[in-house]
Amino acid sequence: MAVKDKVIVITGASSGIGEATAKLVAKNGAKVVLGARREARLQEIVSDIEADGGQAAYSVTDVRNPDEVQALVDLAKSKFGGLDVIFNNAGIMPNSPISELKTKDWNDMVDINLKGVLNGVAAVMPTFTSQKSGQIITTSSVAGIKSFAGSGVYGATKFAVRNLMEVIRMESAQEGTNIRTVSLYPAAINTELLGSITDKKVADNMGAFYKQVGITPDAVARVVNFAIDQPESVNVNEFTIYPTKQA
Ligand code: NDP
């Protein structure tokens, strides 16, 4: 079974990587269910997909709220009659040096980038286990495979979800439930992500860097599409996505 006709839930679908992925997989025949907090953006993206001949629905979702994540997943099942993939993509990146003690940013990153992914996993696991099939794709980061100064807590959340995806893959193989997991490690992708940075100096520096090297989010969307397109017996589980210009 390829991308066509799969039911795919995407968090963080209101902009950037999530939006680009929703549009690409819908164009390839998937039924997509979009979650994020900004309803007007979700409505617009669903309209764009439908105007292009695709099938889509949305539910306003804060990934910090397990009930809202469950409602998003349940919408996929009620509207499109099944559930094949969850793309845990919602995230924020308010980077800063640890010495600044921006503890609100730290907690927000843990709540969204880590606990938000756990909420997604919990929402799909009973269905995937009972149907003995399903794919969990999560946007980690290059900051989830190597350390960067300024990225202490962001990197901690992204290393954590990488571990989570790998352990789900191993346990599923042991338990015979065929749940496939994919970790994505994008580098500089031009999206709205830098808008979450609260330290002006960090925002300015990263803004200049992204302007120089960043690539568009459809680069990541194509990788997600490729991973979903694989046969059931194949788990392509880790991808780094670098701009050619980024060292
Ligand atoms: P965007 O800022 O464009 O997208 C982030 C998405 O996450 C938005 O749809 C936003 O929607 C959503 N989001 C944020 N907080 C919440 C929340 N509490 N509940 C639900 N949705 C939320 O940036 P990207 O597309 O770049 O980010 C997508 C993922 O990619 C993130 O996990 C990010 O860490 C990761 N990433 C990005 C890289 C880059 O260079 N851009 C590099 C490596 C990883 P809304 O505000 O409407 O809720």
# chains A, B, ... in the order shown; residues from 1 in each chain; ligands from 1

$ residues_around --residues "region 173-188 of chain A" --least-positions-apart "3" --cutoff "7 Å" --atoms "only C-alpha atoms" --output "VMD selection string"
chain A and resid 128 to 129 132 to 142 144 162 165 169 to 170 210 213 to 215 235 to 243

$ write_last_selection --atoms "C-alpha atoms" --output "short mmCIF file (atom, residue, chain, number, x, y, z; two decimals), in the first residue's frame"
data_model
loop_
_atom_site.label_atom_id
_atom_site.label_comp_id
_atom_site.auth_asym_id
_atom_site.auth_seq_id
_atom_site.Cartn_x
_atom_site.Cartn_y
_atom_site.Cartn_z
CA PHE A 128 -1.84 0.44 15.66
CA THR A 129 -1.36 -2.44 18.12
CA LYS A 132 -0.84 -4.80 13.76
CA SER A 133 0.16 -1.99 11.44
CA GLY A 134 0.88 1.73 11.52
CA GLN A 135 3.62 4.29 11.08
CA ILE A 136 4.78 6.93 13.56
CA ILE A 137 6.88 9.67 11.98
CA THR A 138 8.43 12.34 14.20
CA THR A 139 10.29 15.53 13.38
CA SER A 140 13.41 15.48 15.52
CA SER A 141 16.23 17.73 14.23
CA VAL A 142 19.96 17.71 13.49
CA GLY A 144 18.65 15.60 17.99
CA ARG A 162 14.81 10.10 18.59
CA MET A 165 11.08 6.35 17.98
CA ARG A 169 10.55 0.26 16.54
CA MET A 170 12.48 -2.32 18.56
CA TYR A 210 18.89 30.66 7.72
CA VAL A 213 21.67 28.60 3.75
CA GLY A 214 18.02 27.61 4.41
CA ILE A 215 15.93 25.53 2.01
CA ASN A 235 11.09 0.48 7.90
CA VAL A 236 13.19 3.38 6.58
CA ASN A 237 13.71 4.87 9.98
CA GLU A 238 16.15 7.81 9.99
CA PHE A 239 16.77 10.74 7.63
CA THR A 240 19.00 13.79 7.85
CA ILE A 241 18.02 16.63 5.51
CA TYR A 242 20.72 19.27 5.01
CA PRO A 243 20.76 22.27 2.69
#

$ closest_atom_pairs --of "chain A" --to "ligand 1" --cutoff "8 Å" --atoms "only C-alpha atoms and all ligand atoms" --output "tab-separated table"
residue	atom	partner	partner_atom_place_in_ligand_line	distance
A:Thr11	CA	ligand 1	21 (N)	5.9
A:Gly12	CA	ligand 1	9 (O)	3.3
A:Ala13	CA	ligand 1	9 (O)	4.4
A:Ser14	CA	ligand 1	9 (O)	3.8
A:Ser15	CA	ligand 1	3 (O)	4.3
A:Gly16	CA	ligand 1	25 (O)	3.4
A:Ile17	CA	ligand 1	25 (O)	3.8
A:Gly18	CA	ligand 1	25 (O)	5.7
A:Glu19	CA	ligand 1	9 (O)	7.2
A:Gly35	CA	ligand 1	20 (C)	6.5
A:Ala36	CA	ligand 1	21 (N)	3.9
A:Arg37	CA	ligand 1	48 (O)	3.5
A:Arg38	CA	ligand 1	47 (O)	3.7
A:Glu39	CA	ligand 1	47 (O)	7.1
A:Arg41	CA	ligand 1	47 (O)	7.1
A:Leu42	CA	ligand 1	47 (O)	7.8
A:Thr61	CA	ligand 1	20 (C)	5.4
A:Asp62	CA	ligand 1	19 (N)	3.4
A:Val63	CA	ligand 1	19 (N)	4.0
A:Arg64	CA	ligand 1	18 (N)	5.6
A:Asn88	CA	ligand 1	32 (O)	7.7
A:Asn89	CA	ligand 1	32 (O)	4.7
A:Ala90	CA	ligand 1	7 (O)	3.5
A:Gly91	CA	ligand 1	32 (O)	3.4
A:Ile92	CA	ligand 1	34 (O)	5.2
A:Met93	CA	ligand 1	34 (O)	5.8
A:Asp111	CA	ligand 1	18 (N)	7.9
A:Ile112	CA	ligand 1	18 (N)	5.3
A:Asn113	CA	ligand 1	32 (O)	6.3
A:Gly116	CA	ligand 1	19 (N)	7.4
A:Thr138	CA	ligand 1	32 (O)	8.0
A:Thr139	CA	ligand 1	32 (O)	5.2
A:Ser140	CA	ligand 1	44 (C)	5.6
A:Ser141	CA	ligand 1	43 (C)	3.9
A:Val142	CA	ligand 1	43 (C)	6.1
A:Ala143	CA	ligand 1	43 (C)	7.1
A:Tyr154	CA	ligand 1	34 (O)	7.9
A:Lys158	CA	ligand 1	34 (O)	7.8
A:Leu184	CA	ligand 1	44 (C)	7.7
A:Tyr185	CA	ligand 1	43 (C)	6.0
A:Pro186	CA	ligand 1	43 (C)	4.3
A:Ala187	CA	ligand 1	42 (C)	4.6
A:Ala188	CA	ligand 1	40 (O)	3.8
A:Ile189	CA	ligand 1	40 (O)	3.7
A:Asn190	CA	ligand 1	41 (N)	5.5
A:Thr191	CA	ligand 1	3 (O)	4.4
A:Glu192	CA	ligand 1	3 (O)	3.8
A:Leu193	CA	ligand 1	2 (O)	3.5
A:Leu194	CA	ligand 1	2 (O)	7.0
A:Gly195	CA	ligand 1	2 (O)	6.9
A:Ser196	CA	ligand 1	2 (O)	7.2
A:Tyr210	CA	ligand 1	40 (O)	7.8
A:Gly214	CA	ligand 1	40 (O)	7.4
A:Pro217	CA	ligand 1	25 (O)	7.0

$ residues_around --residues "region 73-86 of chain A" --least-positions-apart "4" --cutoff "9 Å" --atoms "only C-alpha atoms" --output "list in words"
Lys6, Val7, Ile8, Val9, Ile10, Thr11, Lys31, Val32, Val33, Ala57, Tyr58, Ser59, Glu68, Val69, Gly120, Val121, Ala123, Val124, Thr127, Phe128, Ser133, Gly134, Gln135, Ile136, Ile137, Thr138 and Ile228 of chain A

$ select_by_dssp --residues "region 50-144 of chain A" --states "alpha helix (DSSP H)" --output "ChimeraX atom specification"
/A:50-51,66-80,103-109,116-131

$ atom_distance --atom1 "CA of Leu34 (chain A)" --atom2 "CA of Trp106 (chain A)"
26.0 Å

$ decode --residues "region 49-87 of chain A" --atoms "N, CA and C atoms" --output "PDB file, in the first residue's frame"
ATOM      1  N   ILE A  49      -6.205  22.221  -0.289  1.00  0.00           N
ATOM      2  CA  ILE A  49      -6.087  20.797  -0.641  1.00  0.00           C
ATOM      3  C   ILE A  49      -7.334  20.354  -1.397  1.00  0.00           C
ATOM      4  N   GLU A  50      -8.505  20.776  -0.908  1.00  0.00           N
ATOM      5  CA  GLU A  50      -9.756  20.367  -1.570  1.00  0.00           C
ATOM      6  C   GLU A  50      -9.848  20.975  -2.973  1.00  0.00           C
ATOM      7  N   ALA A  51      -9.397  22.231  -3.103  1.00  0.00           N
ATOM      8  CA  ALA A  51      -9.432  22.886  -4.415  1.00  0.00           C
ATOM      9  C   ALA A  51      -8.531  22.154  -5.410  1.00  0.00           C
ATOM     10  N   ASP A  52      -7.521  21.472  -4.865  1.00  0.00           N
ATOM     11  CA  ASP A  52      -6.568  20.731  -5.692  1.00  0.00           C
ATOM     12  C   ASP A  52      -7.045  19.291  -5.928  1.00  0.00           C
ATOM     13  N   GLY A  53      -8.271  18.982  -5.476  1.00  0.00           N
ATOM     14  CA  GLY A  53      -8.829  17.645  -5.694  1.00  0.00           C
ATOM     15  C   GLY A  53      -8.535  16.649  -4.579  1.00  0.00           C
ATOM     16  N   GLY A  54      -7.922  17.122  -3.489  1.00  0.00           N
ATOM     17  CA  GLY A  54      -7.558  16.207  -2.393  1.00  0.00           C
ATOM     18  C   GLY A  54      -8.608  16.132  -1.300  1.00  0.00           C
ATOM     19  N   GLN A  55      -8.335  15.260  -0.317  1.00  0.00           N
ATOM     20  CA  GLN A  55      -9.265  15.091   0.809  1.00  0.00           C
ATOM     21  C   GLN A  55      -8.555  15.462   2.111  1.00  0.00           C
ATOM     22  N   ALA A  56      -9.193  16.335   2.898  1.00  0.00           N
ATOM     23  CA  ALA A  56      -8.554  16.795   4.137  1.00  0.00           C
ATOM     24  C   ALA A  56      -9.596  17.218   5.152  1.00  0.00           C
ATOM     25  N   ALA A  57      -9.211  17.187   6.413  1.00  0.00           N
ATOM     26  CA  ALA A  57     -10.043  17.681   7.508  1.00  0.00           C
ATOM     27  C   ALA A  57      -9.098  18.255   8.554  1.00  0.00           C
ATOM     28  N   TYR A  58      -9.640  19.025   9.485  1.00  0.00           N
ATOM     29  CA  TYR A  58      -8.773  19.537  10.550  1.00  0.00           C
ATOM     30  C   TYR A  58      -9.500  19.522  11.879  1.00  0.00           C
ATOM     31  N   SER A  59      -8.710  19.563  12.944  1.00  0.00           N
ATOM     32  CA  SER A  59      -9.260  19.749  14.284  1.00  0.00           C
ATOM     33  C   SER A  59      -8.271  20.640  15.032  1.00  0.00           C
ATOM     34  N   VAL A  60      -8.787  21.708  15.655  1.00  0.00           N
ATOM     35  CA  VAL A  60      -7.901  22.597  16.408  1.00  0.00           C
ATOM     36  C   VAL A  60      -7.295  21.786  17.554  1.00  0.00           C
ATOM     37  N   THR A  61      -5.968  21.773  17.593  1.00  0.00           N
ATOM     38  CA  THR A  61      -5.275  20.864  18.514  1.00  0.00           C
ATOM     39  C   THR A  61      -4.076  21.558  19.149  1.00  0.00           C
ATOM     40  N   ASP A  62      -4.051  21.564  20.465  1.00  0.00           N
ATOM     41  CA  ASP A  62      -2.823  21.921  21.180  1.00  0.00           C
ATOM     42  C   ASP A  62      -2.216  20.597  21.625  1.00  0.00           C
ATOM     43  N   VAL A  63      -1.027  20.274  21.124  1.00  0.00           N
ATOM     44  CA  VAL A  63      -0.462  18.943  21.412  1.00  0.00           C
ATOM     45  C   VAL A  63      -0.152  18.747  22.895  1.00  0.00           C
ATOM     46  N   ARG A  64      -0.194  19.843  23.681  1.00  0.00           N
ATOM     47  CA  ARG A  64       0.001  19.688  25.133  1.00  0.00           C
ATOM     48  C   ARG A  64      -1.215  19.053  25.791  1.00  0.00           C
ATOM     49  N   ASN A  65      -2.335  19.036  25.078  1.00  0.00           N
ATOM     50  CA  ASN A  65      -3.580  18.530  25.649  1.00  0.00           C
ATOM     51  C   ASN A  65      -3.888  17.126  25.077  1.00  0.00           C
ATOM     52  N   PRO A  66      -3.734  16.082  25.891  1.00  0.00           N
ATOM     53  CA  PRO A  66      -3.933  14.720  25.372  1.00  0.00           C
ATOM     54  C   PRO A  66      -5.330  14.493  24.807  1.00  0.00           C
ATOM     55  N   ASP A  67      -6.342  15.133  25.382  1.00  0.00           N
ATOM     56  CA  ASP A  67      -7.717  14.938  24.881  1.00  0.00           C
ATOM     57  C   ASP A  67      -7.863  15.514  23.477  1.00  0.00           C
ATOM     58  N   GLU A  68      -7.214  16.659  23.227  1.00  0.00           N
ATOM     59  CA  GLU A  68      -7.300  17.261  21.887  1.00  0.00           C
ATOM     60  C   GLU A  68      -6.539  16.418  20.855  1.00  0.00           C
ATOM     61  N   VAL A  69      -5.426  15.837  21.266  1.00  0.00           N
ATOM     62  CA  VAL A  69      -4.675  14.972  20.348  1.00  0.00           C
ATOM     63  C   VAL A  69      -5.488  13.711  20.051  1.00  0.00           C
ATOM     64  N   GLN A  70      -6.132  13.174  21.088  1.00  0.00           N
ATOM     65  CA  GLN A  70      -6.978  11.990  20.875  1.00  0.00           C
ATOM     66  C   GLN A  70      -8.142  12.328  19.941  1.00  0.00           C
ATOM     67  N   ALA A  71      -8.720  13.518  20.119  1.00  0.00           N
ATOM     68  CA  ALA A  71      -9.849  13.922  19.257  1.00  0.00           C
ATOM     69  C   ALA A  71      -9.396  14.049  17.798  1.00  0.00           C
ATOM     70  N   LEU A  72      -8.173  14.515  17.592  1.00  0.00           N
ATOM     71  CA  LEU A  72      -7.624  14.641  16.235  1.00  0.00           C
ATOM     72  C   LEU A  72      -7.518  13.255  15.576  1.00  0.00           C
ATOM     73  N   VAL A  73      -6.977  12.318  16.339  1.00  0.00           N
ATOM     74  CA  VAL A  73      -6.813  10.948  15.831  1.00  0.00           C
ATOM     75  C   VAL A  73      -8.190  10.304  15.603  1.00  0.00           C
ATOM     76  N   ASP A  74      -9.112  10.542  16.524  1.00  0.00           N
ATOM     77  CA  ASP A  74     -10.463   9.963  16.381  1.00  0.00           C
ATOM     78  C   ASP A  74     -11.175  10.536  15.157  1.00  0.00           C
ATOM     79  N   LEU A  75     -10.908  11.812  14.854  1.00  0.00           N
ATOM     80  CA  LEU A  75     -11.509  12.434  13.658  1.00  0.00           C
ATOM     81  C   LEU A  75     -11.053  11.700  12.388  1.00  0.00           C
ATOM     82  N   ALA A  76      -9.776  11.339  12.367  1.00  0.00           N
ATOM     83  CA  ALA A  76      -9.261  10.601  11.193  1.00  0.00           C
ATOM     84  C   ALA A  76     -10.061   9.322  10.999  1.00  0.00           C
ATOM     85  N   LYS A  77     -10.305   8.620  12.093  1.00  0.00           N
ATOM     86  CA  LYS A  77     -11.007   7.331  11.994  1.00  0.00           C
ATOM     87  C   LYS A  77     -12.466   7.524  11.620  1.00  0.00           C
ATOM     88  N   SER A  78     -13.122   8.538  12.223  1.00  0.00           N
ATOM     89  CA  SER A  78     -14.559   8.711  11.941  1.00  0.00           C
ATOM     90  C   SER A  78     -14.774   9.290  10.545  1.00  0.00           C
ATOM     91  N   LYS A  79     -13.910  10.204  10.137  1.00  0.00           N
ATOM     92  CA  LYS A  79     -14.114  10.867   8.841  1.00  0.00           C
ATOM     93  C   LYS A  79     -13.649  10.004   7.667  1.00  0.00           C
ATOM     94  N   PHE A  80     -12.496   9.330   7.863  1.00  0.00           N
ATOM     95  CA  PHE A  80     -11.904   8.622   6.732  1.00  0.00           C
ATOM     96  C   PHE A  80     -11.835   7.094   6.928  1.00  0.00           C
ATOM     97  N   GLY A  81     -12.367   6.615   8.056  1.00  0.00           N
ATOM     98  CA  GLY A  81     -12.540   5.168   8.229  1.00  0.00           C
ATOM     99  C   GLY A  81     -11.279   4.380   8.534  1.00  0.00           C
ATOM    100  N   GLY A  82     -10.250   5.029   9.035  1.00  0.00           N
ATOM    101  CA  GLY A  82      -9.044   4.266   9.370  1.00  0.00           C
ATOM    102  C   GLY A  82      -7.948   5.174   9.873  1.00  0.00           C
ATOM    103  N   LEU A  83      -6.796   4.574  10.121  1.00  0.00           N
ATOM    104  CA  LEU A  83      -5.651   5.338  10.603  1.00  0.00           C
ATOM    105  C   LEU A  83      -4.387   4.588  10.209  1.00  0.00           C
ATOM    106  N   ASP A  84      -3.564   5.214   9.390  1.00  0.00           N
ATOM    107  CA  ASP A  84      -2.345   4.543   8.930  1.00  0.00           C
ATOM    108  C   ASP A  84      -1.067   5.177   9.458  1.00  0.00           C
ATOM    109  N   VAL A  85      -1.075   6.517   9.585  1.00  0.00           N
ATOM    110  CA  VAL A  85       0.175   7.219   9.913  1.00  0.00           C
ATOM    111  C   VAL A  85      -0.131   8.388  10.841  1.00  0.00           C
ATOM    112  N   ILE A  86       0.720   8.602  11.853  1.00  0.00           N
ATOM    113  CA  ILE A  86       0.717   9.900  12.542  1.00  0.00           C
ATOM    114  C   ILE A  86       2.079  10.549  12.311  1.00  0.00           C
ATOM    115  N   PHE A  87       2.049  11.811  11.915  1.00  0.00           N
ATOM    116  CA  PHE A  87       3.271  12.599  11.749  1.00  0.00           C
ATOM    117  C   PHE A  87       3.315  13.602  12.902  1.00  0.00           C
TER     118      PHE A  87
END
